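One file, start_24.txt, is given below (compact mmCIF, C-alpha atoms and all ligand atoms).
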```
# COMPACT_ATOMS: atom_id res chain seq x y z
CA MET A 18 88.66 111.41 72.08
CA PHE A 19 87.79 114.30 74.44
CA GLN A 20 90.15 117.27 74.17
CA PRO A 21 89.95 119.76 77.01
CA ALA A 22 89.49 123.42 76.09
CA GLN A 23 92.73 125.36 75.66
CA ARG A 24 92.05 127.40 78.76
CA MET A 25 92.39 124.21 80.82
CA GLN A 26 96.15 124.79 80.65
CA PHE A 27 95.48 127.32 83.44
CA PHE A 28 93.33 124.95 85.49
CA GLN A 29 95.46 121.98 86.44
CA GLU A 30 94.19 119.95 89.38
CA HIS A 31 94.94 121.79 92.60
CA TYR A 32 97.76 120.52 94.84
CA PHE A 33 95.31 119.47 97.56
CA ALA A 34 93.24 117.39 95.14
CA SER A 35 96.26 115.27 94.15
CA LEU A 36 97.58 115.20 97.72
CA GLY A 37 94.37 113.39 98.74
CA ALA A 38 95.29 110.35 96.62
CA ARG A 39 98.84 110.20 98.06
CA LEU A 40 97.51 110.44 101.62
CA ALA A 41 94.98 107.67 100.98
CA ALA A 42 97.77 105.42 99.64
CA LEU A 43 99.98 106.05 102.67
CA ARG A 44 97.09 105.46 105.04
CA SER A 45 96.20 102.19 103.32
CA GLN A 46 99.76 101.07 104.16
CA GLY A 47 99.07 101.86 107.83
CA GLY A 48 100.66 105.34 107.88
CA ASP A 49 99.53 107.56 110.77
CA ILE A 50 99.54 110.85 108.88
CA ILE A 51 99.40 114.21 110.65
CA ARG A 52 97.94 116.80 108.30
CA LEU A 53 99.06 120.37 108.82
CA ASP A 54 98.68 121.26 105.17
CA GLU A 55 95.21 122.70 104.43
CA GLY A 56 93.86 125.91 105.95
CA ALA A 57 90.67 124.23 107.10
CA PRO A 58 89.76 124.84 110.78
CA ASP A 59 89.53 121.55 112.70
CA LEU A 60 87.27 122.91 115.46
CA PRO A 61 83.45 123.18 115.15
CA PRO A 62 81.37 126.37 115.16
CA ALA A 63 79.73 127.42 118.44
CA PRO A 64 76.66 125.34 119.48
CA HIS A 65 74.15 128.20 118.99
CA ILE A 66 75.09 128.32 115.28
CA ILE A 67 74.46 124.62 114.77
CA GLU A 68 71.21 124.80 116.76
CA THR A 69 69.96 127.60 114.50
CA LEU A 70 70.77 125.51 111.44
CA THR A 71 68.98 122.39 112.66
CA ARG A 72 65.94 124.33 113.87
CA ALA A 73 65.62 126.13 110.54
CA ALA A 74 66.10 122.92 108.56
CA GLY A 75 63.05 121.47 110.35
CA ARG A 76 60.76 124.17 108.96
CA PRO A 77 58.79 123.21 105.86
CA ASP A 78 59.20 126.70 104.33
CA ALA A 79 63.01 126.62 104.46
CA HIS A 80 63.81 124.47 101.43
CA SER A 81 63.18 126.54 98.37
CA TYR A 82 65.54 128.67 96.26
CA GLN A 83 66.80 131.80 97.89
CA PRO A 84 67.72 135.08 96.24
CA GLN A 85 71.47 135.47 95.52
CA ARG A 86 71.47 138.42 97.85
CA GLY A 87 70.08 136.32 100.70
CA PHE A 88 67.51 137.97 102.94
CA ALA A 89 67.68 141.38 104.61
CA GLU A 90 68.57 140.05 108.09
CA LEU A 91 71.59 138.27 106.66
CA ARG A 92 72.92 141.38 104.95
CA GLN A 93 72.26 143.31 108.14
CA ALA A 94 74.23 140.67 110.05
CA TRP A 95 77.26 141.30 107.80
CA ALA A 96 76.87 145.03 108.42
CA GLU A 97 76.62 144.35 112.15
CA MET A 98 79.82 142.28 112.05
CA TYR A 99 81.63 145.12 110.26
CA ARG A 100 80.37 147.60 112.83
CA ARG A 101 81.46 145.46 115.75
CA ALA A 102 84.77 144.13 114.41
CA TYR A 103 86.05 147.23 112.59
CA GLY A 104 83.85 150.12 113.74
CA LEU A 105 82.57 150.55 110.16
CA MET A 106 79.19 151.49 108.75
CA VAL A 107 78.29 149.55 105.62
CA ASP A 108 74.99 149.80 103.80
CA PRO A 109 73.45 146.30 103.92
CA GLU A 110 71.34 146.95 100.83
CA LEU A 111 73.94 148.49 98.51
CA GLU A 112 77.33 147.40 99.83
CA VAL A 113 76.90 143.73 100.84
CA LEU A 114 76.63 140.73 98.53
CA PRO A 115 76.51 137.20 100.00
CA LEU A 116 78.75 134.65 98.26
CA LEU A 117 78.98 130.86 98.16
CA GLY A 118 82.32 131.08 99.98
CA SER A 119 84.82 133.81 99.21
CA LYS A 120 86.63 131.57 96.70
CA GLU A 121 83.51 131.74 94.54
CA GLY A 122 83.42 135.54 94.59
CA ILE A 123 87.19 135.86 94.10
CA ALA A 124 87.03 133.58 91.06
CA HIS A 125 84.01 135.34 89.55
CA LEU A 126 84.74 139.01 90.22
CA PRO A 127 87.04 139.36 87.16
CA LEU A 128 84.19 138.13 84.93
CA ALA A 129 82.25 141.17 86.10
CA ALA A 130 85.13 143.65 86.12
CA VAL A 131 87.96 142.66 83.75
CA ASP A 132 87.92 142.66 79.95
CA PRO A 133 90.03 140.26 77.88
CA GLY A 134 93.61 141.53 77.67
CA GLN A 135 93.37 143.63 80.82
CA VAL A 136 95.80 142.87 83.61
CA VAL A 137 95.09 141.55 87.09
CA LEU A 138 97.83 142.28 89.66
CA ALA A 139 98.32 139.58 92.27
CA PRO A 140 100.86 138.70 94.97
CA ASP A 141 103.50 135.99 94.58
CA PRO A 142 103.37 133.95 96.74
CA GLY A 143 99.61 134.19 97.08
CA TYR A 144 96.24 132.49 97.09
CA VAL A 145 95.97 130.85 93.67
CA THR A 146 92.36 131.78 92.92
CA TYR A 147 93.35 135.41 92.16
CA SER A 148 95.03 134.26 88.94
CA ARG A 149 92.41 131.65 88.11
CA GLY A 150 89.68 134.29 88.13
CA ALA A 151 91.78 136.46 85.82
CA TYR A 152 92.24 133.57 83.38
CA LEU A 153 88.52 132.76 83.42
CA ALA A 154 87.84 136.32 82.27
CA GLY A 155 90.52 136.19 79.54
CA GLY A 156 92.64 138.64 81.50
CA GLU A 157 96.40 138.57 81.96
CA ILE A 158 98.08 138.11 85.28
CA HIS A 159 101.03 140.12 86.55
CA TYR A 160 102.55 138.90 89.80
CA PHE A 161 104.26 141.30 92.16
CA PRO A 162 106.66 139.80 94.70
CA LEU A 163 106.13 139.52 98.43
CA ASN A 164 109.42 138.90 100.18
CA PRO A 165 110.68 138.66 103.74
CA GLU A 166 112.97 141.70 103.33
CA ARG A 167 109.84 143.89 103.04
CA ASP A 168 107.84 141.91 105.64
CA TYR A 169 105.82 140.50 102.74
CA LEU A 170 104.32 143.87 101.85
CA PRO A 171 104.50 144.69 98.14
CA ASP A 172 106.39 147.59 96.62
CA LEU A 173 103.48 148.80 94.50
CA GLN A 174 105.58 151.61 92.99
CA ALA A 175 107.84 148.95 91.44
CA ILE A 176 105.05 147.63 89.18
CA PRO A 177 106.17 148.58 85.65
CA PRO A 178 104.22 151.55 84.18
CA GLY A 179 103.48 149.58 80.98
CA ILE A 180 101.70 146.93 83.05
CA LEU A 181 99.90 149.48 85.19
CA GLN A 182 98.43 151.17 82.14
CA ARG A 183 96.62 147.96 81.24
CA ALA A 184 95.86 146.90 84.80
CA ARG A 185 92.30 146.80 86.07
CA LEU A 186 92.37 145.03 89.39
CA LEU A 187 94.80 144.67 92.30
CA TRP A 188 94.62 141.89 94.89
CA LEU A 189 95.82 142.20 98.48
CA ASN A 190 95.37 139.74 101.33
CA TYR A 191 96.24 140.52 104.97
CA PRO A 192 96.59 138.67 107.30
CA ASN A 193 98.28 136.84 104.48
CA ASN A 194 98.03 133.34 103.15
CA PRO A 195 100.60 131.75 102.94
CA THR A 196 103.12 133.99 104.73
CA ALA A 197 101.00 134.95 107.80
CA ALA A 198 102.22 138.55 107.37
CA THR A 199 100.02 141.42 108.52
CA ALA A 200 99.51 144.92 107.12
CA SER A 201 98.94 148.20 108.92
CA LEU A 202 96.20 150.68 108.17
CA ASP A 203 98.94 153.03 106.89
CA PHE A 204 99.92 150.47 104.26
CA PHE A 205 96.25 150.02 103.29
CA SER A 206 95.94 153.77 103.00
CA GLU A 207 98.90 153.89 100.56
CA ALA A 208 97.32 151.06 98.58
CA VAL A 209 94.01 152.96 98.32
CA ASP A 210 95.86 156.05 97.05
CA PHE A 211 97.78 153.90 94.58
CA ALA A 212 94.55 152.31 93.30
CA ARG A 213 92.92 155.70 92.92
CA GLN A 214 95.90 157.19 91.05
CA ASN A 215 96.05 154.22 88.68
CA ARG A 216 92.30 153.73 88.22
CA LEU A 217 92.46 150.23 89.71
CA ILE A 218 89.82 148.25 91.54
CA LEU A 219 91.43 147.32 94.83
CA CYS A 220 90.28 143.93 96.10
CA HIS A 221 91.12 142.91 99.61
CA ASP A 222 90.80 139.29 100.67
CA ALA A 223 90.10 139.51 104.40
CA ALA A 224 89.71 135.79 105.12
CA TYR A 225 91.89 135.83 108.26
CA THR A 226 91.11 139.18 109.88
CA GLN A 227 89.42 137.55 112.86
CA VAL A 228 92.09 134.96 113.59
CA CYS A 229 94.51 137.09 115.62
CA PHE A 230 96.79 136.51 118.62
CA ASP A 231 98.52 138.40 121.42
CA GLY A 232 95.99 141.27 121.41
CA TYR A 233 96.64 142.12 117.75
CA ARG A 234 93.60 143.36 115.77
CA ALA A 235 93.78 143.04 111.99
CA PRO A 236 92.18 146.02 110.20
CA SER A 237 89.66 145.87 107.39
CA LEU A 238 90.88 147.72 104.31
CA LEU A 239 87.55 149.52 104.32
CA GLU A 240 88.67 151.35 107.46
CA VAL A 241 90.69 153.65 105.17
CA PRO A 242 88.55 156.78 104.70
CA GLY A 243 87.08 156.80 101.18
CA ALA A 244 88.18 153.20 100.49
CA LYS A 245 84.73 152.20 99.27
CA GLU A 246 85.21 154.44 96.22
CA VAL A 247 87.73 151.97 94.79
CA CYS A 248 87.62 148.82 96.95
CA VAL A 249 85.75 145.66 97.54
CA GLU A 250 86.61 143.38 100.43
CA PHE A 251 85.97 139.64 100.52
CA ASN A 252 85.12 138.29 103.93
CA THR A 253 84.17 134.77 104.96
CA LEU A 254 82.95 132.78 107.94
CA SER A 255 85.17 129.84 106.89
CA LYS A 256 88.11 130.75 109.10
CA SER A 257 86.60 133.40 111.39
CA HIS A 258 83.77 131.15 112.65
CA ASN A 259 85.09 127.61 111.86
CA MET A 260 82.52 127.26 109.07
CA ALA A 261 84.66 126.34 106.04
CA GLY A 262 82.27 123.67 104.76
CA TRP A 263 79.24 125.95 105.01
CA ARG A 264 80.34 128.20 102.13
CA VAL A 265 79.25 131.50 103.63
CA ALA A 266 81.02 134.70 102.64
CA ALA A 267 80.33 138.18 101.31
CA ALA A 268 81.73 140.86 99.06
CA ILE A 269 81.53 144.20 100.83
CA GLY A 270 82.35 147.60 99.43
CA ASN A 271 81.89 149.68 96.29
CA PRO A 272 78.16 149.65 95.36
CA ALA A 273 78.72 149.66 91.58
CA LEU A 274 81.01 146.63 91.81
CA ILE A 275 78.61 144.88 94.15
CA ARG A 276 75.79 145.52 91.68
CA SER A 277 77.82 144.15 88.81
CA LEU A 278 78.90 141.00 90.65
CA HIS A 279 75.32 140.47 91.77
CA SER A 280 74.08 140.77 88.21
CA LEU A 281 76.64 138.19 87.07
CA LYS A 282 75.74 135.81 89.87
CA THR A 283 72.03 135.92 89.05
CA ASN A 284 73.11 134.10 85.88
CA LEU A 285 75.40 131.60 87.56
CA ASP A 286 74.00 130.33 90.85
CA SER A 287 70.81 130.10 92.82
CA GLY A 288 71.76 131.26 96.26
CA HIS A 289 72.25 129.32 99.49
CA PHE A 290 70.24 126.87 101.54
CA ARG A 291 68.24 129.19 103.79
CA PRO A 292 69.00 127.40 107.11
CA VAL A 293 72.72 127.89 106.42
CA LEU A 294 72.11 131.61 106.03
CA GLU A 295 69.97 131.83 109.15
CA ALA A 296 72.76 130.11 111.09
CA ALA A 297 75.33 132.43 109.48
CA ALA A 298 73.32 135.45 110.66
CA ALA A 299 73.25 133.93 114.15
CA ALA A 300 77.03 133.43 113.94
CA MET A 301 77.60 137.11 113.16
CA THR A 302 75.09 138.64 115.56
CA GLY A 303 75.30 136.21 118.50
CA ASP A 304 77.95 135.74 121.19
CA GLN A 305 81.48 136.33 119.87
CA ALA A 306 83.40 135.54 123.06
CA TRP A 307 84.10 132.02 121.81
CA LEU A 308 86.25 133.42 119.00
CA GLN A 309 88.75 134.70 121.57
CA GLU A 310 88.90 131.28 123.19
CA ARG A 311 89.33 129.63 119.78
CA ASN A 312 92.12 132.07 118.86
CA GLU A 313 93.84 131.21 122.13
CA ILE A 314 93.88 127.54 121.02
CA TYR A 315 95.59 128.53 117.75
CA ARG A 316 98.01 130.70 119.75
CA GLN A 317 99.07 127.69 121.85
CA ARG A 318 99.63 125.62 118.72
CA ARG A 319 101.57 128.46 117.12
CA ASP A 320 103.88 128.64 120.15
CA VAL A 321 104.59 124.90 119.96
CA VAL A 322 105.51 125.22 116.27
CA VAL A 323 107.60 128.38 116.56
CA GLN A 324 109.51 127.06 119.58
CA ALA A 325 110.28 123.77 117.83
CA LEU A 326 111.47 125.57 114.68
CA GLN A 327 113.65 127.91 116.71
CA GLN A 328 115.25 124.95 118.47
CA LEU A 329 116.09 123.52 115.06
CA GLU A 330 117.50 126.91 114.03
CA ILE A 331 114.97 127.12 111.21
CA LYS A 332 114.20 130.71 110.25
CA THR A 333 110.65 131.85 110.90
CA SER A 334 108.79 134.72 112.50
CA VAL A 335 106.06 134.65 115.15
CA PRO A 336 102.75 135.19 113.34
CA LYS A 337 100.29 137.64 114.91
CA ALA A 338 97.38 136.29 112.86
CA SER A 339 96.17 133.67 110.34
CA LEU A 340 96.24 129.88 110.55
CA TYR A 341 99.81 129.54 109.33
CA VAL A 342 103.48 129.44 110.18
CA TRP A 343 105.72 130.12 107.16
CA PHE A 344 109.33 129.04 107.29
CA ARG A 345 112.40 128.62 105.14
CA VAL A 346 113.47 125.02 104.53
CA PRO A 347 116.85 124.04 105.96
CA PRO A 348 119.83 124.39 103.58
CA GLY A 349 120.23 121.60 101.04
CA HIS A 350 116.49 121.16 100.39
CA THR A 351 113.91 122.62 98.08
CA GLY A 352 110.49 123.22 99.57
CA ASP A 353 109.03 120.54 97.30
CA ASP A 354 111.52 117.83 98.19
CA PHE A 355 111.39 118.71 101.89
CA ALA A 356 107.57 118.41 102.00
CA ALA A 357 107.56 115.21 99.92
CA ALA A 358 110.28 113.50 101.99
CA LEU A 359 108.72 114.60 105.29
CA LEU A 360 105.43 113.07 104.20
CA GLU A 361 106.97 109.79 103.00
CA ARG A 362 109.37 109.27 105.89
CA ALA A 363 107.80 111.05 108.87
CA HIS A 364 104.14 111.01 107.84
CA VAL A 365 103.71 114.73 108.41
CA SER A 366 101.95 116.63 105.63
CA LEU A 367 102.93 120.29 105.14
CA THR A 368 102.47 122.47 102.07
CA PRO A 369 105.45 123.41 99.91
CA GLY A 370 105.58 127.16 99.32
CA SER A 371 105.77 126.67 95.54
CA VAL A 372 102.05 125.79 95.58
CA PHE A 373 101.49 129.55 96.07
CA GLY A 374 103.78 130.66 93.24
CA SER A 375 107.47 130.75 92.40
CA GLY A 376 108.00 133.33 95.17
CA GLY A 377 107.17 130.58 97.66
CA GLU A 378 110.00 128.34 96.54
CA GLY A 379 112.32 127.39 99.39
CA PHE A 380 109.53 127.86 101.94
CA ILE A 381 106.98 125.69 103.72
CA ARG A 382 103.52 126.58 105.00
CA LEU A 383 102.38 124.82 108.16
CA SER A 384 98.70 125.05 109.16
CA LEU A 385 97.76 125.22 112.82
CA THR A 386 94.71 123.07 112.21
CA ALA A 387 95.17 120.03 114.44
CA PRO A 388 94.92 119.51 118.22
CA VAL A 389 97.98 120.63 120.16
CA GLU A 390 99.07 117.05 120.98
CA LYS A 391 99.12 116.29 117.24
CA VAL A 392 101.05 119.47 116.55
CA GLU A 393 103.58 118.49 119.24
CA GLU A 394 103.94 115.02 117.73
CA ALA A 395 104.33 116.52 114.23
CA MET A 396 107.10 118.80 115.49
CA ARG A 397 108.88 115.87 117.18
CA ARG A 398 108.79 113.98 113.88
CA LEU A 399 109.91 117.05 111.96
CA GLY A 400 112.80 117.60 114.39
CA LYS A 401 113.99 114.00 113.97
CA PHE A 402 113.63 114.26 110.19
CA VAL A 403 115.63 117.50 110.03
CA LYS A 404 118.43 116.09 112.22
CA GLU A 405 118.67 112.97 110.04
CA ASN A 406 118.49 114.82 106.73
CA THR A 407 120.58 117.98 107.00
C1 LIG B 1 93.50 133.82 101.33
C2 LIG B 1 92.25 133.03 101.17
N1 LIG B 1 91.20 133.59 100.58
C3 LIG B 1 90.06 132.94 100.39
C4 LIG B 1 89.92 131.63 100.80
C5 LIG B 1 88.64 130.92 100.52
O1 LIG B 1 87.83 130.85 101.60
P1 LIG B 1 86.31 130.39 101.45
O2 LIG B 1 86.19 129.17 102.29
O3 LIG B 1 85.51 131.55 101.94
O4 LIG B 1 86.05 130.13 100.01
C6 LIG B 1 90.99 130.99 101.43
C7 LIG B 1 90.86 129.59 101.82
O5 LIG B 1 91.79 128.91 102.17
C8 LIG B 1 92.19 131.71 101.61
O6 LIG B 1 93.25 131.16 102.18
```
I need this file expressed as structure tokens, please.
Ligand SMILES: Cc1ncc(COP(=O)(O)O)c(C=O)c1O
Amino acid sequence: MFQPAQRMQFFQEHYFASLGARLAALRSQGGDIIRLDEGAPDLPPAPHIIETLTRAAGRPDAHSYQPQRGFAELRQAWAEMYRRAYGLMVDPELEVLPLLGSKEGIAHLPLAAVDPGQVVLAPDPGYVTYSRGAYLAGGEIHYFPLNPERDYLPDLQAIPPGILQRARLLWLNYPNNPTAATASLDFFSEAVDFARQNRLILCHDAAYTQVCFDGYRAPSLLEVPGAKEVCVEFNTLSKSHNMAGWRVAAAIGNPALIRSLHSLKTNLDSGHFRPVLEAAAAAMTGDQAWLQERNEIYRQRRDVVVQALQQLEIKTSVPKASLYVWFRVPPGHTGDDFAAALLERAHVSLTPGSVFGSGGEGFIRLSLTAPVEKVEEAMRRLGKFVKENT
């Protein structure tokens, strides 16, 4: 009889994997399910990106293994994106490492940077892969709370000194998943100082920095002067350029860390499919005006959701960025039972906050990843459900 390894206690099937089976069962009974659960963009990338992919795929020389670091033009394209989006100079040769999606790099970085018994500091609620990477490396995880009273910014000084002594790596993520909170450059600056004082590697997950509304611009943590001495930032085209299935991302920052992660990856994977990378370079260097138009579509959906929640007197704030609206469940519910009952009775799928850690209990994450008519219909169903069940 097969016995899984002990470490599998940390690697239970992810919520979205088991949700798939439940959704299939409901659909087989004729349920018209509206999914606002996953953070997967529903819109396609711009046509010039797809054209570059198909053209490259037609070339006979495009099908072999590629180096893990991609080719020079790709790394230069990441540097170009950082220059344009954040006014930053990054060295494409020493400070950029392409990844097979940022999840891959986030999961693997601790293998390159954390020794068994060392502590990884991660937000609660937060993206679950921060802890999974720590467990893979035999590290320990210490969660620090994000709560609405502090606008979901952590109180880093409250991390116990005994934990800090053993800590190696600190994760931040703004615009934030799941809370949609944003952070200022001043906060990032404090975090860089904190990392320096405590000899921590500061990792910033910048997945949502280019999904912003109402004229807001989300900073890169690397905009803090001197940040590259202690930081690495994970960036991805999944959300910024509607390319979640393409698995194109990069680690950008401290050259020694980049070298180490690269070395590890040469043992683990064999790079990307070249046409994907050529199209990714086109995505980052070509016309960016379409991103504004795409963000405006998310903004409209956001307004529909926020307005509907306000009418129901459900507490939420108006997100300036990310793909999410985060709200407290009405009194008398837990987040888990609210999401489960809403799915069963109203056929609307949202994500209970507990999926992101115990700090998410009592909250729901709604993804703005369906056409506005679907979002309107979902909010009508949610309104009816709330009136009937509270
Ligand atoms: C905060 C955060 N980081 C990283 C990722 C992973 O993105 P990628 O598609 O680049 O692996 C996600 C995906 O949902 C995310 O929400």
**Message:** At a cut-off of 10 Å, using all atoms listed in the file, what residues contact Arg382 of chain A? Leave out same-chain residues fewer than 4 positions from it and give the result as a list in words.
**Reply:**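 Non-adjacent residues within range: Leu53, Asp54, Glu55, Gly56, Asn194, Pro195, Thr196, Ala197, Leu340, Tyr341, Val342, Trp343, Phe344, Arg345, Gly352, Ala356, Leu367, Thr368, Pro369, Gly370, Ser371, Val372, Phe373 and Gly377 of chain A.
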Counting all atoms listed in the file, what are the residues of chain A within 9 Å of ligand LIG 1 (chain B), and for each of them which pair of atoms is the nearest and at what distance in Å, to one decimal? Sort the table by chain and rising number, as a Markdown table.
```
| residue | atom | partner | partner_atom | distance |
| --- | --- | --- | --- | --- |
| A:Glu55 | CA | B:LIG1 | O5 | 7.4 |
| A:Gly56 | CA | B:LIG1 | O5 | 5.3 |
| A:Ala57 | CA | B:LIG1 | O5 | 6.9 |
| A:Leu116 | CA | B:LIG1 | O3 | 8.3 |
| A:Leu117 | CA | B:LIG1 | O4 | 7.3 |
| A:Gly118 | CA | B:LIG1 | O3 | 3.8 |
| A:Ser119 | CA | B:LIG1 | O3 | 3.6 |
| A:Lys120 | CA | B:LIG1 | O4 | 3.7 |
| A:Glu121 | CA | B:LIG1 | O4 | 6.2 |
| A:Gly122 | CA | B:LIG1 | O4 | 8.1 |
| A:Ile123 | CA | B:LIG1 | C3 | 7.5 |
| A:Gly143 | CA | B:LIG1 | C1 | 7.5 |
| A:Tyr144 | CA | B:LIG1 | C1 | 5.2 |
| A:Val145 | CA | B:LIG1 | C1 | 8.6 |
| A:Thr146 | CA | B:LIG1 | C3 | 7.9 |
| A:Tyr147 | CA | B:LIG1 | N1 | 8.9 |
| A:Asn190 | CA | B:LIG1 | C1 | 6.2 |
| A:Tyr191 | CA | B:LIG1 | C1 | 8.1 |
| A:Pro192 | CA | B:LIG1 | C1 | 8.3 |
| A:Asn193 | CA | B:LIG1 | C1 | 6.5 |
| A:Asn194 | CA | B:LIG1 | C1 | 4.9 |
| A:Pro195 | CA | B:LIG1 | O6 | 7.4 |
| A:Asp222 | CA | B:LIG1 | N1 | 5.7 |
| A:Ala223 | CA | B:LIG1 | N1 | 7.1 |
| A:Ala224 | CA | B:LIG1 | N1 | 5.3 |
| A:Tyr225 | CA | B:LIG1 | C1 | 7.4 |
| A:Phe251 | CA | B:LIG1 | C3 | 7.9 |
| A:Asn252 | CA | B:LIG1 | O3 | 7.0 |
| A:Thr253 | CA | B:LIG1 | O3 | 4.6 |
| A:Leu254 | CA | B:LIG1 | O3 | 6.6 |
| A:Ser255 | CA | B:LIG1 | O2 | 4.8 |
| A:Lys256 | CA | B:LIG1 | O2 | 7.2 |
| A:Met260 | CA | B:LIG1 | O2 | 7.9 |
| A:Ala261 | CA | B:LIG1 | O2 | 4.9 |
| A:Gly262 | CA | B:LIG1 | O2 | 7.2 |
| A:Trp263 | CA | B:LIG1 | O2 | 8.1 |
| A:Arg264 | CA | B:LIG1 | O2 | 5.9 |
| A:Val265 | CA | B:LIG1 | O3 | 6.5 |
| A:Ala266 | CA | B:LIG1 | O3 | 5.5 |
| A:Ala267 | CA | B:LIG1 | O3 | 8.4 |
| A:Leu340 | CA | B:LIG1 | O6 | 9.0 |
```
Using C-alpha atoms, can you write the selected residues to a file as a PDB file, in the frame of the given file?
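Ended up saving to part24.pdb:
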```pdb
ATOM      1  CA  GLU A  55      95.210 122.700 104.430  1.00  0.00           C
ATOM      2  CA  GLY A  56      93.860 125.910 105.950  1.00  0.00           C
ATOM      3  CA  ALA A  57      90.670 124.230 107.100  1.00  0.00           C
ATOM      4  CA  LEU A 116      78.750 134.650  98.260  1.00  0.00           C
ATOM      5  CA  LEU A 117      78.980 130.860  98.160  1.00  0.00           C
ATOM      6  CA  GLY A 118      82.320 131.080  99.980  1.00  0.00           C
ATOM      7  CA  SER A 119      84.820 133.810  99.210  1.00  0.00           C
ATOM      8  CA  LYS A 120      86.630 131.570  96.700  1.00  0.00           C
ATOM      9  CA  GLU A 121      83.510 131.740  94.540  1.00  0.00           C
ATOM     10  CA  GLY A 122      83.420 135.540  94.590  1.00  0.00           C
ATOM     11  CA  ILE A 123      87.190 135.860  94.100  1.00  0.00           C
ATOM     12  CA  GLY A 143      99.610 134.190  97.080  1.00  0.00           C
ATOM     13  CA  TYR A 144      96.240 132.490  97.090  1.00  0.00           C
ATOM     14  CA  VAL A 145      95.970 130.850  93.670  1.00  0.00           C
ATOM     15  CA  THR A 146      92.360 131.780  92.920  1.00  0.00           C
ATOM     16  CA  TYR A 147      93.350 135.410  92.160  1.00  0.00           C
ATOM     17  CA  ASN A 190      95.370 139.740 101.330  1.00  0.00           C
ATOM     18  CA  TYR A 191      96.240 140.520 104.970  1.00  0.00           C
ATOM     19  CA  PRO A 192      96.590 138.670 107.300  1.00  0.00           C
ATOM     20  CA  ASN A 193      98.280 136.840 104.480  1.00  0.00           C
ATOM     21  CA  ASN A 194      98.030 133.340 103.150  1.00  0.00           C
ATOM     22  CA  PRO A 195     100.600 131.750 102.940  1.00  0.00           C
ATOM     23  CA  ASP A 222      90.800 139.290 100.670  1.00  0.00           C
ATOM     24  CA  ALA A 223      90.100 139.510 104.400  1.00  0.00           C
ATOM     25  CA  ALA A 224      89.710 135.790 105.120  1.00  0.00           C
ATOM     26  CA  TYR A 225      91.890 135.830 108.260  1.00  0.00           C
ATOM     27  CA  PHE A 251      85.970 139.640 100.520  1.00  0.00           C
ATOM     28  CA  ASN A 252      85.120 138.290 103.930  1.00  0.00           C
ATOM     29  CA  THR A 253      84.170 134.770 104.960  1.00  0.00           C
ATOM     30  CA  LEU A 254      82.950 132.780 107.940  1.00  0.00           C
ATOM     31  CA  SER A 255      85.170 129.840 106.890  1.00  0.00           C
ATOM     32  CA  LYS A 256      88.110 130.750 109.100  1.00  0.00           C
ATOM     33  CA  MET A 260      82.520 127.260 109.070  1.00  0.00           C
ATOM     34  CA  ALA A 261      84.660 126.340 106.040  1.00  0.00           C
ATOM     35  CA  GLY A 262      82.270 123.670 104.760  1.00  0.00           C
ATOM     36  CA  TRP A 263      79.240 125.950 105.010  1.00  0.00           C
ATOM     37  CA  ARG A 264      80.340 128.200 102.130  1.00  0.00           C
ATOM     38  CA  VAL A 265      79.250 131.500 103.630  1.00  0.00           C
ATOM     39  CA  ALA A 266      81.020 134.700 102.640  1.00  0.00           C
ATOM     40  CA  ALA A 267      80.330 138.180 101.310  1.00  0.00           C
ATOM     41  CA  LEU A 340      96.240 129.880 110.550  1.00  0.00           C
TER      42      LEU A 340
END
```
**Request:** Kindly give the distance, in Å, that separates atom CA of Ala273 of chain A and atom CA of Gly243 of chain A, rounded to a single decimal.
**Result:** 14.6 Å
**Prompt:** Which one of A:Ala358, A:Val247, A:Met18, A:Leu329 sits closest to Gly400 of chain A if you count all atoms listed in the file?
**Reply:**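 That would be A:Leu329, the residue with the smallest distance to Gly400 of chain A.
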Could you list, as a compact mmCIF listing (two decimals) with C-alpha atoms, in the frame of the given file, every residue within 8 Å of segment 61-67 of chain A, counting all atoms listed in the file and ignoring same-chain residues fewer than 3 positions away?
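This is the output file result_5.txt:
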```txt
# COMPACT_ATOMS: atom_id res chain seq x y z
CA PRO A 58 89.76 124.84 110.78
CA LEU A 70 70.77 125.51 111.44
CA THR A 71 68.98 122.39 112.66
CA HIS A 258 83.77 131.15 112.65
CA ASN A 259 85.09 127.61 111.86
CA MET A 260 82.52 127.26 109.07
CA ALA A 296 72.76 130.11 111.09
CA ALA A 297 75.33 132.43 109.48
CA ALA A 299 73.25 133.93 114.15
CA ALA A 300 77.03 133.43 113.94
CA TRP A 307 84.10 132.02 121.81
```
**Message:** Between A:Asp59, A:Glu393, A:Glu405, A:Glu97, which residue has the minimum interatomic distance to Met301 of chain A, considering only C-alpha atoms?
**Reply:**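 Comparing A:Asp59, A:Glu393, A:Glu405, A:Glu97 against Met301 of chain A, the winner is A:Glu97.
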**Request:** Compare A:Ala154, A:Cys220, A:Leu91, A:Leu399 by their minimum atom-to-atom distance to Pro133 of chain A, counting all atoms listed in the file, and give me the closest one.
**Result:**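 For Pro133 of chain A, the nearest of the given residues is A:Ala154.
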**Request:** Identify the residues within 10 Å of coordinate (74.1, 143.6, 108.0) (same frame as the file), considering all atoms listed in the file, and give the answer as number ranges by chain.
**Result:** A: 89-100, 106-110, 112-113, 298, 301-302
**Request:** Calculate how many Å separate atom CA of Leu186 of chain A from atom CA of Leu238 of chain A, rounding to one decimal.
**Result:**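 Straight-line distance from atom CA of Leu186 of chain A to atom CA of Leu238 of chain A works out to 15.2 Å.
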